[in-house]
>>> print(open('protein-v3.cif').read())   # mmCIF, C-alpha atoms
data_model
#
loop_
_atom_site.label_atom_id
_atom_site.label_comp_id
_atom_site.auth_asym_id
_atom_site.auth_seq_id
_atom_site.Cartn_x
_atom_site.Cartn_y
_atom_site.Cartn_z
CA MET A 1 14.88 20.90 2.84
CA GLU A 2 15.87 20.27 6.46
CA GLU A 3 14.00 17.41 8.11
CA LYS A 4 11.13 18.52 10.32
CA ARG A 5 9.98 16.51 13.32
CA VAL A 6 6.20 16.16 13.46
CA SER A 7 3.49 15.38 15.98
CA LEU A 8 0.63 14.00 13.87
CA VAL A 9 -2.99 14.14 15.03
CA LEU A 10 -5.32 11.78 13.18
CA GLY A 11 -9.05 12.36 13.57
CA SER A 12 -12.07 10.07 13.49
CA GLY A 13 -14.37 9.59 10.51
CA GLY A 14 -14.79 5.96 9.43
CA ALA A 15 -13.69 5.21 5.87
CA ARG A 16 -12.58 8.84 5.45
CA GLY A 17 -9.74 7.80 7.75
CA MET A 18 -8.07 6.23 4.74
CA ALA A 19 -7.14 9.83 3.86
CA HIS A 20 -4.67 9.61 6.76
CA ILE A 21 -2.66 7.13 4.70
CA GLY A 22 -2.34 9.66 1.89
CA VAL A 23 -1.28 12.38 4.32
CA ILE A 24 1.39 10.12 5.84
CA ARG A 25 2.70 9.24 2.38
CA TRP A 26 3.03 12.92 1.45
CA LEU A 27 4.83 13.77 4.69
CA GLU A 28 7.30 10.93 4.25
CA GLU A 29 8.04 11.98 0.68
CA HIS A 30 8.69 15.59 1.72
CA ASN A 31 11.17 15.07 4.56
CA TYR A 32 8.81 15.24 7.54
CA LYS A 33 9.67 12.77 10.29
CA ILE A 34 6.65 11.63 12.31
CA GLU A 35 7.81 11.19 15.92
CA SER A 36 4.45 11.26 17.71
CA ILE A 37 0.92 10.20 16.81
CA SER A 38 -2.33 10.94 18.60
CA GLY A 39 -5.39 9.37 17.05
CA CYS A 40 -8.95 8.35 17.69
CA SER A 41 -11.17 5.82 15.95
CA MET A 42 -9.87 5.21 12.42
CA GLY A 43 -7.08 7.66 13.17
CA ALA A 44 -5.94 5.41 16.01
CA LEU A 45 -6.01 2.35 13.74
CA VAL A 46 -4.02 3.95 10.92
CA GLY A 47 -1.68 5.66 13.37
CA GLY A 48 -1.08 2.45 15.31
CA PHE A 49 -0.20 0.47 12.19
CA TYR A 50 2.15 3.25 11.10
CA ALA A 51 3.84 3.40 14.50
CA ALA A 52 4.37 -0.37 14.32
CA GLY A 53 5.88 -0.11 10.83
CA LYS A 54 3.03 -2.13 9.30
CA LEU A 55 0.95 0.51 7.50
CA ASP A 56 1.88 -0.80 4.03
CA ILE A 57 0.58 -4.25 5.01
CA PHE A 58 -2.71 -2.81 6.25
CA THR A 59 -3.08 -0.59 3.17
CA LYS A 60 -2.53 -3.50 0.77
CA TRP A 61 -5.11 -5.59 2.64
CA ILE A 62 -7.82 -2.90 2.86
CA ILE A 63 -7.45 -2.09 -0.86
CA GLU A 64 -7.61 -5.71 -1.97
CA VAL A 65 -10.18 -7.13 0.47
CA ASP A 66 -13.56 -8.00 -1.03
CA GLY A 67 -16.56 -6.23 0.47
CA ILE A 68 -18.18 -9.52 1.43
CA ASP A 69 -15.00 -10.74 3.14
CA LEU A 70 -14.95 -7.50 5.09
CA LEU A 71 -18.53 -8.02 6.18
CA LYS A 72 -17.71 -11.55 7.33
CA LEU A 73 -15.45 -9.99 9.96
CA LEU A 74 -18.53 -8.51 11.62
CA ASP A 75 -19.43 -10.91 14.41
CA LEU A 76 -23.01 -10.03 15.21
CA SER A 77 -22.98 -10.95 18.87
CA GLY A 78 -22.13 -7.72 20.58
CA SER A 79 -23.59 -6.55 23.87
CA GLY A 80 -24.34 -2.85 23.70
CA GLY A 81 -23.69 -2.84 19.95
CA LEU A 82 -24.40 -4.85 16.81
CA VAL A 83 -20.86 -6.18 16.51
CA SER A 84 -18.50 -7.53 19.17
CA GLY A 85 -15.39 -6.64 17.14
CA ASN A 86 -13.45 -9.80 18.09
CA LYS A 87 -13.02 -11.03 14.51
CA ILE A 88 -11.74 -7.65 13.37
CA VAL A 89 -9.19 -7.55 16.19
CA ASP A 90 -8.05 -11.06 15.27
CA LYS A 91 -7.58 -9.95 11.65
CA MET A 92 -5.63 -6.86 12.71
CA GLN A 93 -3.32 -9.03 14.84
CA GLU A 94 -2.81 -11.34 11.87
CA LEU A 95 -1.76 -8.35 9.74
CA LEU A 96 0.52 -6.99 12.47
CA GLY A 97 2.09 -10.34 13.21
CA ARG A 98 1.61 -9.83 16.94
CA ASN A 99 -0.05 -7.47 19.42
CA TYR A 100 2.59 -4.82 20.03
CA LEU A 101 2.94 -3.04 23.35
CA ILE A 102 2.59 0.72 22.92
CA GLU A 103 5.69 1.23 25.08
CA GLU A 104 7.87 -0.66 22.59
CA LEU A 105 6.77 1.23 19.49
CA PRO A 106 9.49 3.38 17.86
CA ILE A 107 7.01 6.26 17.60
CA LYS A 108 5.14 7.78 20.55
CA PHE A 109 1.51 6.68 20.23
CA THR A 110 -1.70 7.65 22.01
CA ALA A 111 -5.17 6.31 21.22
CA VAL A 112 -8.07 8.34 22.55
CA ALA A 113 -11.28 6.67 23.71
CA THR A 114 -14.31 7.77 25.74
CA ASP A 115 -15.28 6.43 29.17
CA ILE A 116 -19.08 6.46 28.87
CA ASP A 117 -19.66 6.06 32.61
CA ALA A 118 -17.21 8.73 33.77
CA GLU A 119 -18.14 10.93 30.77
CA LYS A 120 -14.53 11.79 29.96
CA GLU A 121 -11.91 11.07 27.34
CA ILE A 122 -9.24 8.49 28.08
CA TRP A 123 -5.70 8.60 26.69
CA ILE A 124 -4.29 5.13 26.18
CA ASN A 125 -0.50 5.30 25.82
CA LYS A 126 0.65 2.01 27.29
CA GLY A 127 -0.32 -1.65 27.15
CA PRO A 128 -1.34 -3.78 24.13
CA MET A 129 -1.80 -1.57 21.07
CA LEU A 130 -4.76 -3.53 19.70
CA ASP A 131 -6.64 -3.07 22.98
CA ALA A 132 -6.16 0.68 22.60
CA ILE A 133 -7.30 0.64 18.97
CA ARG A 134 -10.33 -1.54 19.71
CA ALA A 135 -11.43 0.83 22.48
CA SER A 136 -10.88 3.93 20.36
CA THR A 137 -12.85 2.54 17.40
CA SER A 138 -15.96 1.48 19.36
CA LEU A 139 -18.45 3.38 17.22
CA PRO A 140 -21.65 3.70 19.33
CA LEU A 141 -24.53 1.43 18.28
CA PHE A 142 -22.35 -0.43 15.79
CA PHE A 143 -19.52 -1.82 17.96
CA ALA A 144 -20.01 -3.03 21.50
CA PRO A 145 -18.17 -0.89 24.08
CA TYR A 146 -14.74 -2.27 24.96
CA VAL A 147 -13.99 -2.91 28.62
CA LEU A 148 -10.40 -2.01 29.45
CA ASN A 149 -9.04 -1.81 33.00
CA GLY A 150 -12.60 -1.87 34.32
CA ARG A 151 -13.76 1.01 32.14
CA SER A 152 -16.43 0.76 29.45
CA LEU A 153 -14.94 2.59 26.48
CA VAL A 154 -16.40 3.81 23.19
CA ASP A 155 -15.18 5.78 20.17
CA GLY A 156 -12.84 8.62 21.08
CA GLY A 157 -14.61 10.82 18.56
CA THR A 158 -17.57 11.05 20.93
CA LEU A 159 -15.74 13.70 22.96
CA ASN A 160 -12.59 14.54 20.99
CA PRO A 161 -12.67 13.75 17.25
CA VAL A 162 -9.33 15.50 16.56
CA PRO A 163 -7.27 14.73 19.71
CA ILE A 164 -4.60 17.40 19.70
CA ALA A 165 -4.08 17.68 23.48
CA PRO A 166 -1.90 14.53 23.85
CA THR A 167 0.73 16.23 21.65
CA PHE A 168 1.05 19.44 23.68
CA HIS A 169 4.18 18.37 25.52
CA ASP A 170 5.96 16.84 22.53
CA SER A 171 9.37 18.28 21.68
CA THR A 172 8.73 18.19 17.93
CA ASP A 173 8.96 21.07 15.46
CA MET A 174 5.28 21.18 14.57
CA ILE A 175 1.83 19.73 15.15
CA ILE A 176 -0.13 18.62 12.07
CA ALA A 177 -3.80 17.71 12.55
CA VAL A 178 -5.99 15.88 10.04
CA ASN A 179 -9.64 16.80 10.52
CA LEU A 180 -12.04 14.39 8.78
CA GLY A 181 -15.12 16.44 9.63
CA GLY A 182 -14.56 19.42 7.39
CA GLU A 183 -17.25 21.51 5.71
CA MET A 184 -19.27 19.64 3.12
CA LEU A 185 -18.37 20.39 -0.49
CA PRO A 186 -20.48 20.18 -3.64
CA LYS A 187 -20.21 16.72 -5.18
CA PHE A 188 -18.54 18.02 -8.33
CA ASP A 189 -15.67 19.29 -6.15
CA LEU A 190 -15.09 15.83 -4.73
CA GLN A 191 -12.94 13.65 -6.96
CA ILE A 192 -14.49 10.44 -5.64
CA ILE A 193 -16.37 7.92 -7.72
CA GLU A 194 -20.11 7.62 -7.34
CA GLU A 195 -21.45 4.79 -5.24
CA ASN A 196 -20.92 1.43 -6.88
CA LYS A 197 -24.47 0.09 -7.12
CA THR A 198 -23.25 -3.44 -7.83
CA TYR A 199 -21.10 -3.37 -4.69
CA TYR A 200 -24.02 -2.01 -2.69
CA SER A 201 -26.34 -4.73 -4.01
CA LYS A 202 -23.83 -7.44 -3.04
CA ILE A 203 -23.70 -6.08 0.50
CA LYS A 204 -27.49 -6.02 0.79
CA ALA A 205 -27.70 -9.58 -0.52
CA TYR A 206 -25.16 -10.76 2.04
CA ILE A 207 -26.91 -8.93 4.85
CA SER A 208 -30.21 -10.60 3.95
CA LYS A 209 -28.51 -13.98 4.38
CA ILE A 210 -27.35 -13.20 7.92
CA SER A 211 -30.69 -11.67 8.90
CA LEU A 212 -29.33 -8.22 9.69
CA PRO A 213 -32.01 -5.51 9.34
CA GLU A 214 -31.80 -3.51 6.13
CA SER A 215 -31.96 -0.35 8.27
CA ILE A 216 -28.23 -0.87 8.80
CA VAL A 217 -27.39 -0.22 5.14
CA GLU A 218 -30.32 1.81 3.82
CA GLU A 219 -29.31 5.35 2.96
CA ASP A 220 -32.11 6.82 5.08
CA GLY A 221 -32.43 3.94 7.53
CA MET A 222 -32.38 4.10 11.30
CA TYR A 223 -28.66 3.53 11.67
CA ALA A 224 -27.79 5.95 8.86
CA VAL A 225 -29.72 8.73 10.62
CA ALA A 226 -28.04 7.98 13.95
CA ASN A 227 -24.62 7.94 12.28
CA LYS A 228 -25.25 11.29 10.57
CA ALA A 229 -26.26 12.78 13.92
CA PHE A 230 -23.06 11.41 15.48
CA GLU A 231 -20.94 12.90 12.69
CA SER A 232 -22.66 16.29 13.03
CA MET A 233 -21.84 16.25 16.74
CA GLN A 234 -18.21 15.33 16.02
CA SER A 235 -17.81 18.14 13.48
CA THR A 236 -19.10 20.71 15.97
CA ILE A 237 -16.80 19.47 18.72
CA ALA A 238 -13.81 19.41 16.37
CA ARG A 239 -14.37 23.04 15.36
CA MET A 240 -14.49 24.09 19.01
CA LYS A 241 -11.39 22.12 20.00
CA LEU A 242 -9.30 23.29 17.03
CA SER A 243 -10.40 26.88 17.51
CA ALA A 244 -9.24 26.80 21.13
CA TYR A 245 -6.02 24.88 20.40
CA PRO A 246 -5.08 25.36 16.74
CA PRO A 247 -2.33 23.10 15.35
CA ASP A 248 0.51 24.48 13.26
CA VAL A 249 -1.08 22.90 10.19
CA GLU A 250 -4.65 21.64 9.80
CA ILE A 251 -5.47 19.38 6.86
CA ILE A 252 -9.22 19.43 6.32
CA ILE A 253 -11.08 16.54 4.71
CA PRO A 254 -14.77 17.24 3.86
CA LYS A 255 -17.17 15.05 5.80
CA ASN A 256 -19.07 14.17 2.62
CA LEU A 257 -15.96 12.79 0.92
CA CYS A 258 -17.42 9.35 1.56
CA ASP A 259 -19.70 7.62 4.05
CA THR A 260 -18.52 5.89 7.21
CA PHE A 261 -18.50 2.41 5.65
CA ASP A 262 -17.44 3.26 2.08
CA PHE A 263 -14.39 0.99 2.15
CA ASP A 264 -14.82 0.28 -1.55
CA LYS A 265 -13.36 3.75 -2.20
CA VAL A 266 -10.09 3.32 -0.31
CA GLU A 267 -7.70 4.16 -3.14
CA GLU A 268 -9.61 7.31 -4.09
CA VAL A 269 -9.74 8.49 -0.48
CA ILE A 270 -6.01 7.85 0.02
CA GLU A 271 -5.28 9.90 -3.09
CA TYR A 272 -7.56 12.69 -1.88
CA GLY A 273 -5.71 12.82 1.44
CA TYR A 274 -2.36 12.99 -0.37
CA ASN A 275 -3.51 15.78 -2.68
CA MET A 276 -5.16 17.76 0.13
CA CYS A 277 -1.96 17.58 2.16
CA ASP A 278 -0.03 18.86 -0.85
CA LYS A 279 -2.47 21.74 -1.36
CA THR A 280 -2.41 22.66 2.31
CA PHE A 281 1.37 22.89 2.50
CA ALA A 282 1.52 24.75 -0.83
CA LYS A 283 -0.41 27.57 0.86
CA LYS A 284 2.09 27.84 3.73
#
>>> encode(input="protein-v3.cif", output="structure tokens")
Amino acid sequence: MEEKRVSLVLGSGGARGMAHIGVIRWLEEHNYKIESISGCSMGALVGGFYAAGKLDIFTKWIIEVDGIDLLKLLDLSGSGGLVSGNKIVDKMQELLGRNYLIEELPIKFTAVATDIDAEKEIWINKGPMLDAIRASTSLPLFFAPYVLNGRSLVDGGTLNPVPIAPTFHDSTDMIIAVNLGGEMLPKFDLQIIEENKTYYSKIKAYISKISLPESIVEEDGMYAVANKAFESMQSTIARMKLSAYPPDVEIIIPKNLCDTFDFDKVEEVIEYGYNMCDKTFAKK
């Protein structure tokens, strides 16, 4: 098969974003060359690590990291959000080795964020990559907004959860978009393990030690309700955007594949992304 040059659009969706890793693996194995990436939120993080040639390092870390160690990266001193995000950025730089400039990446990269004051999406395609990722992943309520070039920025998924527009002028052969807000499927159709109650109990025990309200982790707590509302909004926006500007290939991941913070299911979600990519291309 002749190599095809791809513009890859990676959508937002928390832990479901690990499906992006599976999609990238499938594309690499089937002679698709990714020359451009546009991503928001977790899509920006995965896409940035891939563009820097460090995705394998990130994947190994996120699979092996203990849930409690992951929680310890949450510095609960944010202004405008529960978490400032500084410890997470420091860890990402440790994994990368340094903070790459977007201009020096071998793959074109754009992270999409939202300017909450100007009420518009912002495309970040130059400057330090980790600044772009931090801005794009600023999930409202959870992460504090990130101030970049005088702008207060939050999660790109607020206005554009599947940011296809930055790829319009690419000279690639095709645009492939990964939508993490797909229609919900019955649980028996989702090949994902049930919630690990032991893991959940460990998280709650840790949270009690740092005096974080249980409403953050309760299934029907205040934050869970706000997050579900946010995801419903994103799904609606994604449908509208993709209907107006359909990609050549859309890989759809159901929004109930896992919850936003289900990082204990990374391997299963990666596998799901790989298999869904395979099924999608088999239909072409």
>>> resolve_selection(input="protein-v3.cif", expression="the PyMOL selection byres ((chain A and resi 241) around 12)", output="list in words")
Gly11, Gly157, Leu159, Asn160, Pro161, Val162, Pro163, Ile164, Ala165, Ala177, Asn179, Gln234, Ser235, Thr236, Ile237, Ala238, Arg239, Met240, Leu242, Ser243, Ala244, Tyr245, Pro246 and Pro247 of chain A
>>> residues_around(input="protein-v3.cif", residues="region 274-279 of chain A", least_positions_apart="4", cutoff="6 Å", atoms="only C-alpha atoms", output="list in words")
Gly22, Val23 and Trp26 of chain A
>>> closest_residue(input="protein-v3.cif", among="A:Asn86, A:Asn125, A:Asn99, A:Thr110", to="Phe143 (chain A)", atoms="all atoms listed in the file")
A:Asn86
>>> closest_residue(input="protein-v3.cif", among="A:Asp90, A:Asp248, A:Asp117, A:Asp259", to="Met18 (chain A)", atoms="all atoms listed in the file")
A:Asp259
>>> atom_distance(input="protein-v3.cif", atom1="CA of Leu105 (chain A)", atom2="CA of Gly13 (chain A)")
24.4 Å
>>> atom_distance(input="protein-v3.cif", atom1="CA of Gly182 (chain A)", atom2="CA of Glu28 (chain A)")
23.7 Å
>>> residues_around(input="protein-v3.cif", residues="Leu101 (chain A)", least_positions_apart="6", cutoff="9 Å", atoms="only C-alpha atoms", output="ChimeraX atom specification")
/A:126-130
>>> build_atoms(input="protein-v3.cif", residues="region 62-73 of chain A", atoms="all heavy atoms", output="PDB file, keeping the file's coordinate frame")
ATOM      1  N   ILE A  62      -6.547  -3.621   2.926  1.00  0.00           N
ATOM      2  CA  ILE A  62      -7.820  -2.900   2.860  1.00  0.00           C
ATOM      3  C   ILE A  62      -8.177  -2.541   1.421  1.00  0.00           C
ATOM      4  O   ILE A  62      -9.353  -2.441   1.070  1.00  0.00           O
ATOM      5  CB  ILE A  62      -7.802  -1.639   3.756  1.00  0.00           C
ATOM      6  CG1 ILE A  62      -9.225  -1.125   4.006  1.00  0.00           C
ATOM      7  CG2 ILE A  62      -6.923  -0.551   3.194  1.00  0.00           C
ATOM      8  CD1 ILE A  62     -10.097  -2.018   4.815  1.00  0.00           C
ATOM      9  N   ILE A  63      -7.182  -2.365   0.557  1.00  0.00           N
ATOM     10  CA  ILE A  63      -7.450  -2.090  -0.860  1.00  0.00           C
ATOM     11  C   ILE A  63      -7.933  -3.346  -1.571  1.00  0.00           C
ATOM     12  O   ILE A  63      -8.861  -3.302  -2.383  1.00  0.00           O
ATOM     13  CB  ILE A  63      -6.180  -1.541  -1.560  1.00  0.00           C
ATOM     14  CG1 ILE A  63      -5.905  -0.097  -1.096  1.00  0.00           C
ATOM     15  CG2 ILE A  63      -6.334  -1.579  -3.082  1.00  0.00           C
ATOM     16  CD1 ILE A  63      -4.605   0.468  -1.629  1.00  0.00           C
ATOM     17  N   GLU A  64      -7.331  -4.480  -1.242  1.00  0.00           N
ATOM     18  CA  GLU A  64      -7.610  -5.710  -1.970  1.00  0.00           C
ATOM     19  C   GLU A  64      -8.775  -6.511  -1.417  1.00  0.00           C
ATOM     20  O   GLU A  64      -9.351  -7.341  -2.128  1.00  0.00           O
ATOM     21  CB  GLU A  64      -6.357  -6.597  -1.985  1.00  0.00           C
ATOM     22  CG  GLU A  64      -5.187  -5.992  -2.752  1.00  0.00           C
ATOM     23  CD  GLU A  64      -3.950  -6.869  -2.725  1.00  0.00           C
ATOM     24  OE1 GLU A  64      -3.960  -7.892  -1.991  1.00  0.00           O
ATOM     25  OE2 GLU A  64      -2.981  -6.531  -3.416  1.00  0.00           O
ATOM     26  N   VAL A  65      -9.162  -6.285  -0.149  1.00  0.00           N
ATOM     27  CA  VAL A  65     -10.180  -7.130   0.470  1.00  0.00           C
ATOM     28  C   VAL A  65     -11.534  -6.942  -0.223  1.00  0.00           C
ATOM     29  O   VAL A  65     -11.922  -5.837  -0.599  1.00  0.00           O
ATOM     30  CB  VAL A  65     -10.312  -6.817   1.983  1.00  0.00           C
ATOM     31  CG1 VAL A  65     -10.895  -5.430   2.220  1.00  0.00           C
ATOM     32  CG2 VAL A  65     -11.153  -7.878   2.686  1.00  0.00           C
ATOM     33  N   ASP A  66     -12.222  -8.039  -0.443  1.00  0.00           N
ATOM     34  CA  ASP A  66     -13.560  -8.000  -1.030  1.00  0.00           C
ATOM     35  C   ASP A  66     -14.559  -7.514   0.007  1.00  0.00           C
ATOM     36  O   ASP A  66     -14.424  -7.779   1.211  1.00  0.00           O
ATOM     37  CB  ASP A  66     -13.930  -9.405  -1.511  1.00  0.00           C
ATOM     38  CG  ASP A  66     -15.313  -9.449  -2.135  1.00  0.00           C
ATOM     39  OD1 ASP A  66     -15.443  -9.105  -3.321  1.00  0.00           O
ATOM     40  OD2 ASP A  66     -16.265  -9.814  -1.419  1.00  0.00           O
ATOM     41  N   GLY A  67     -15.564  -6.779  -0.453  1.00  0.00           N
ATOM     42  CA  GLY A  67     -16.560  -6.230   0.470  1.00  0.00           C
ATOM     43  C   GLY A  67     -17.254  -7.299   1.298  1.00  0.00           C
ATOM     44  O   GLY A  67     -17.531  -7.103   2.483  1.00  0.00           O
ATOM     45  N   ILE A  68     -17.521  -8.439   0.699  1.00  0.00           N
ATOM     46  CA  ILE A  68     -18.180  -9.520   1.430  1.00  0.00           C
ATOM     47  C   ILE A  68     -17.250 -10.095   2.487  1.00  0.00           C
ATOM     48  O   ILE A  68     -17.670 -10.388   3.612  1.00  0.00           O
ATOM     49  CB  ILE A  68     -18.631 -10.629   0.455  1.00  0.00           C
ATOM     50  CG1 ILE A  68     -19.594 -10.049  -0.592  1.00  0.00           C
ATOM     51  CG2 ILE A  68     -19.293 -11.767   1.222  1.00  0.00           C
ATOM     52  CD1 ILE A  68     -20.812  -9.353   0.000  1.00  0.00           C
ATOM     53  N   ASP A  69     -15.961 -10.251   2.154  1.00  0.00           N
ATOM     54  CA  ASP A  69     -15.000 -10.740   3.140  1.00  0.00           C
ATOM     55  C   ASP A  69     -14.891  -9.788   4.323  1.00  0.00           C
ATOM     56  O   ASP A  69     -14.724 -10.209   5.476  1.00  0.00           O
ATOM     57  CB  ASP A  69     -13.624 -10.941   2.497  1.00  0.00           C
ATOM     58  CG  ASP A  69     -13.599 -12.118   1.535  1.00  0.00           C
ATOM     59  OD1 ASP A  69     -14.414 -13.044   1.722  1.00  0.00           O
ATOM     60  OD2 ASP A  69     -12.771 -12.106   0.607  1.00  0.00           O
ATOM     61  N   LEU A  70     -14.997  -8.498   4.028  1.00  0.00           N
ATOM     62  CA  LEU A  70     -14.950  -7.500   5.090  1.00  0.00           C
ATOM     63  C   LEU A  70     -16.166  -7.639   6.002  1.00  0.00           C
ATOM     64  O   LEU A  70     -16.060  -7.575   7.238  1.00  0.00           O
ATOM     65  CB  LEU A  70     -14.898  -6.091   4.481  1.00  0.00           C
ATOM     66  CG  LEU A  70     -14.441  -4.935   5.370  1.00  0.00           C
ATOM     67  CD1 LEU A  70     -13.024  -5.177   5.882  1.00  0.00           C
ATOM     68  CD2 LEU A  70     -14.504  -3.618   4.619  1.00  0.00           C
ATOM     69  N   LEU A  71     -17.315  -7.852   5.404  1.00  0.00           N
ATOM     70  CA  LEU A  71     -18.530  -8.020   6.180  1.00  0.00           C
ATOM     71  C   LEU A  71     -18.491  -9.288   7.044  1.00  0.00           C
ATOM     72  O   LEU A  71     -19.063  -9.324   8.139  1.00  0.00           O
ATOM     73  CB  LEU A  71     -19.748  -8.078   5.257  1.00  0.00           C
ATOM     74  CG  LEU A  71     -20.240  -6.719   4.744  1.00  0.00           C
ATOM     75  CD1 LEU A  71     -21.215  -6.915   3.606  1.00  0.00           C
ATOM     76  CD2 LEU A  71     -20.877  -5.919   5.852  1.00  0.00           C
ATOM     77  N   LYS A  72     -17.795 -10.305   6.566  1.00  0.00           N
ATOM     78  CA  LYS A  72     -17.710 -11.550   7.330  1.00  0.00           C
ATOM     79  C   LYS A  72     -16.910 -11.380   8.616  1.00  0.00           C
ATOM     80  O   LYS A  72     -16.959 -12.248   9.496  1.00  0.00           O
ATOM     81  CB  LYS A  72     -17.086 -12.651   6.461  1.00  0.00           C
ATOM     82  CG  LYS A  72     -18.018 -13.149   5.364  1.00  0.00           C
ATOM     83  CD  LYS A  72     -17.354 -14.206   4.502  1.00  0.00           C
ATOM     84  CE  LYS A  72     -18.299 -14.703   3.412  1.00  0.00           C
ATOM     85  NZ  LYS A  72     -17.665 -15.692   2.512  1.00  0.00           N
ATOM     86  N   LEU A  73     -16.187 -10.274   8.729  1.00  0.00           N
ATOM     87  CA  LEU A  73     -15.450  -9.990   9.960  1.00  0.00           C
ATOM     88  C   LEU A  73     -16.357  -9.390  11.038  1.00  0.00           C
ATOM     89  O   LEU A  73     -15.930  -9.188  12.168  1.00  0.00           O
ATOM     90  CB  LEU A  73     -14.291  -9.026   9.681  1.00  0.00           C
ATOM     91  CG  LEU A  73     -13.169  -9.551   8.783  1.00  0.00           C
ATOM     92  CD1 LEU A  73     -12.132  -8.470   8.549  1.00  0.00           C
ATOM     93  CD2 LEU A  73     -12.521 -10.791   9.384  1.00  0.00           C
TER      94      LEU A  73
END
